[in-house]
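Written below as structure tokens is the structure these notes are about.
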Amino acid sequence: MNDLNELKAEELSHNERAAIEVTAWRKLDRWILPLCTNFFLLANMNIGNIGNARVAGLQTSLGISNYQYTVALTLTIYITSQLPSTLLLKHVGPDLMLPAMLALWGVVCVSQGFVNNYSGLLACRFFLGLVGGGLFPGIILYLSVFYPRERLQIRIAAFYATSSLAGALSGFLAAAIEQLDGKGGKPGWAWIFILEGIFTFAFGVLSFFLLPRSPETARFLTEKERVYVVCTLKHAGSVSEDDDKDSFSWTEVIEAVKSPHVWLIVTISFLSGNTRAIMFGLAYFEPTIVAGLGYAGSQAQLMSVPPFAATFVLCILSAIISDRYQCRGYTMIFFSLLKMIGFTMFYGTTSSHVRYASLFFSVTGSFCLVPAMITWLTNNSAPHARRATAVALTTIMAELGGIVATWLLGSLSPAPNYTSATVTFIAMSVCMVVLSTVNLAYLWRQNSLKAKMRQKMRKEEEPEGLGDRSAWFLYSL
């Protein structure tokens with residue numbers, strides 16, 4: 001480790017580089033990726049399991065109205081904690097912050113199983129959002145300092161697809177756990193919170209001992225592998241050549257706020273549901289939608305599984321294609337159209353079978369565009385503080401979109417037709433296609449201008465501190 005900064009990737013022989021290129025990323029995939037995947041899987045299970053608890057009788061047991069239930073969902077919003085947590089992540093260390101957030105999340109989830117009134121539920125949902133606000137953007141930033149830009153989307157998709165898998169797994173678990181109804185004097189819906197929360201807390205504590213802080217401190221990499229990974233990240237622009245440039249700076253926060261492509265993605269995030277918005281509502285209400293189509297109890301829980309399972313597969317496949325051909329924008333456009341088709345199908349018929357089939361389009365479109373969108377933003381934001389700000393702004397707007405989606409799918413747009421919500425989501429999908437196309441054209445134009453600048457000057461003549469605005473930083477399309 002002491003010699004890490006003195007070694008250079010160029011000092012490795014061709015054969016060593018070829019061997020390390022395979023083993024280094026494979027080791028990261030076997031160590032970092034499973035940890036991040038489980039973080040996000042457990043987090044989404046604990047956020048979305050209130051939908052399964054509702055089907056299992058939570059709303060009736062606590063005697064709350066649809067309006068009150070929607071208020072409880074709205075409180076699970078991370079706006080206040082996202083930006084501070086992402087800016088503090090590098091300073092405190094992701095190896096400490098991410099496990100702490102997950103463990104606290106588990107504690108709050110368990111607490112939901114012991115509430116006996118509406119006020120208790122509101123308090124739990126508020127703290128659930130407060131302690132977990134930085135988890136999703138934190139994982140994104142964490143992965144971005146381990147993987148170069150061209151390898152990032154498949155890794156983001158791998159952990160993000162678990163949010164769709166969480167919907168499937170949560171349905172299976174809820175159907176099984178619900179059978180504990182009456183055990184220990186607790187209803188079945190309470191056991192859903194308690195058991196899933198206990199496992200989340202245990203995994204969070206264990207992660208304190210497993211999660212490395214950075215590639216330089218990854219114990220499972222050899223010294224040469226660490227050199228190769230760090231040099232590759234610097235060459236790709238994933239991290240700065242000078243570590244000091246990746247430290248916190250209010251100047252970089254302001255630069256992120258001034259970036260047109262950041263605000264285009266931020267707006268799309270509100271419309272599409274980056275971490276929440278459309279899928280925020282779907283994750284909560286999809287089991288209820290299935291129940292409204294004529295299924296009840298455990299059957300409704302199990303019927304919520306197939307759309308999420310199909311989403312998981314397509315999310316991974318699309319990320320592989322996007323990484324290989326570097327087509328983030330086109331991937332977003334495709335899934336925006338897919339989502340629009342799904343909501344149009346749901347709106348245009350009263351057939352239970354067609355409406356259930358529409359979930360395969362709307363759920364898939366809502367979930368699968370997110371890895372492309374967040375990778376597109378992360379790829380095109382540098383240095384670290386600028387990237388952290390951009391990611392935080394995007395997730396904050398997604399939370400605001402989540403409020404809209406939650407109320408639309410709640411008391412403002414009653415089941416089983418969800419007419420106002422469906423029409424709104426169709427309009428949002430159209431806007432997403434337009435804005436994604438505008439962003440694609442803008443980035444293409446910027447790359448063309450940068451190419452002309454590179455012909456007029458040498459890299460040494462360019463001012464320092466430009467970050468992603470450097471003529472030698474090519475935007476991903």
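Residue numbers start at 1 in each chain; chains themselves are named A, B, ... in the order of the structure tokens; ligands are numbered from 1 in the order shown.
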
Spatial neighbours of A:Gly106, 7 Å, only C-alpha atoms, chain gap at least 3 places, as an mmCIF file with N, CA, C and O atoms, in the first residue's frame:
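Just written: selection_5.cif:
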data_model
loop_
_atom_site.group_PDB
_atom_site.id
_atom_site.type_symbol
_atom_site.label_atom_id
_atom_site.label_comp_id
_atom_site.auth_asym_id
_atom_site.auth_seq_id
_atom_site.Cartn_x
_atom_site.Cartn_y
_atom_site.Cartn_z
ATOM 1 N N LEU A 102 -28.187 1.560 6.663
ATOM 2 C CA LEU A 102 -28.965 0.337 6.501
ATOM 3 C C LEU A 102 -29.377 -0.245 7.853
ATOM 4 O O LEU A 102 -30.519 -0.683 8.024
ATOM 5 N N ALA A 103 -28.454 -0.247 8.819
ATOM 6 C CA ALA A 103 -28.771 -0.785 10.141
ATOM 7 C C ALA A 103 -29.881 0.020 10.809
ATOM 8 O O ALA A 103 -30.822 -0.541 11.392
ATOM 9 N N CYS A 109 -37.744 -0.119 10.630
ATOM 10 C CA CYS A 109 -38.694 -1.053 10.020
ATOM 11 C C CYS A 109 -39.299 -1.974 11.072
ATOM 12 O O CYS A 109 -40.503 -2.229 11.077
ATOM 13 N N VAL A 110 -38.471 -2.487 11.970
ATOM 14 C CA VAL A 110 -38.968 -3.341 13.049
ATOM 15 C C VAL A 110 -39.980 -2.577 13.899
ATOM 16 O O VAL A 110 -41.020 -3.121 14.299
ATOM 17 N N GLY A 197 -37.251 -6.344 8.955
ATOM 18 C CA GLY A 197 -36.427 -5.336 9.605
ATOM 19 C C GLY A 197 -35.262 -5.940 10.371
ATOM 20 O O GLY A 197 -34.153 -5.391 10.374
ATOM 21 N N ILE A 198 -35.485 -7.061 11.036
ATOM 22 C CA ILE A 198 -34.414 -7.728 11.800
ATOM 23 C C ILE A 198 -33.280 -8.155 10.870
ATOM 24 O O ILE A 198 -32.096 -7.950 11.164
ATOM 25 N N THR A 200 -32.536 -6.900 7.969
ATOM 26 C CA THR A 200 -31.886 -5.694 7.445
ATOM 27 C C THR A 200 -30.880 -5.143 8.450
ATOM 28 O O THR A 200 -29.756 -4.772 8.090
ATOM 29 N N PHE A 201 -31.268 -5.080 9.706
ATOM 30 C CA PHE A 201 -30.368 -4.584 10.754
ATOM 31 C C PHE A 201 -29.124 -5.468 10.864
ATOM 32 O O PHE A 201 -27.992 -4.956 10.935
#

Q: Just the alpha helix (DSSP H) stuff from stretch 122-233 of chain A, please, per backbone DSSP, written as a PyMOL selection string.
A: chain A and resi 122-131+135-144+152-177+188-207+223-233

(Q) Quick check, in Å to one decimal: how far apart do atom CA of A:Asn15 and atom CA of A:His235 lie? (A) 19.6 Å

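For the set A:Ile47, A:Tyr160, A:Leu143, A:Pro416, the residue with the smallest atom-to-atom gap to A:Val108 is A:Ile47, counting only C-alpha atoms.
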
Q: Would you kindly return, as an MDAnalysis selection string, each protein, DNA or RNA residue with an atom no farther than 6 Å from any atom of stretch 131-137 of chain A, considering only C-alpha atoms and excluding same-chain residues fewer than 6 positions away?
A: chainID A and resid 78 81:82 85 101

Please produce an output containing N, CA and C atoms for each residue in the selection, written as a compact mmCIF listing (two decimals), in the first residue's frame.
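Written out: part13.txt:
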# COMPACT_ATOMS: atom_id res chain seq x y z
N TYR A 78 -37.10 11.54 1.27
CA TYR A 78 -35.72 11.71 1.69
C TYR A 78 -35.14 13.09 1.37
N SER A 81 -32.47 14.93 3.70
CA SER A 81 -31.20 14.29 4.06
C SER A 81 -30.33 13.91 2.87
N GLN A 82 -30.84 13.99 1.66
CA GLN A 82 -30.09 13.48 0.51
C GLN A 82 -28.85 14.30 0.17
N SER A 85 -26.08 14.19 2.98
CA SER A 85 -25.46 12.87 3.12
C SER A 85 -24.53 12.56 1.95
N MET A 101 -26.58 3.59 7.76
CA MET A 101 -27.91 3.91 7.27
C MET A 101 -28.78 2.66 7.15

Please build the interface table for stretch 372-404 of chain A against stretch 456-475 of chain A with a cut-off of 9 Å, listing for each qualifying residue the nearest atom pair and the distance in Å to one decimal; count only C-alpha atoms, order rows by chain and increasing number, and write it as a tab-separated table.
residue	atom	partner	partner_atom	distance
A:Trp376	CA	A:Tyr475	CA	8.8
A:Asn379	CA	A:Tyr475	CA	7.3
A:Asn380	CA	A:Tyr475	CA	5.4
A:Ser381	CA	A:Asp468	CA	5.7
A:Ala382	CA	A:Gly467	CA	5.0
A:Pro383	CA	A:Gly467	CA	5.5
A:Arg386	CA	A:Gly467	CA	8.4
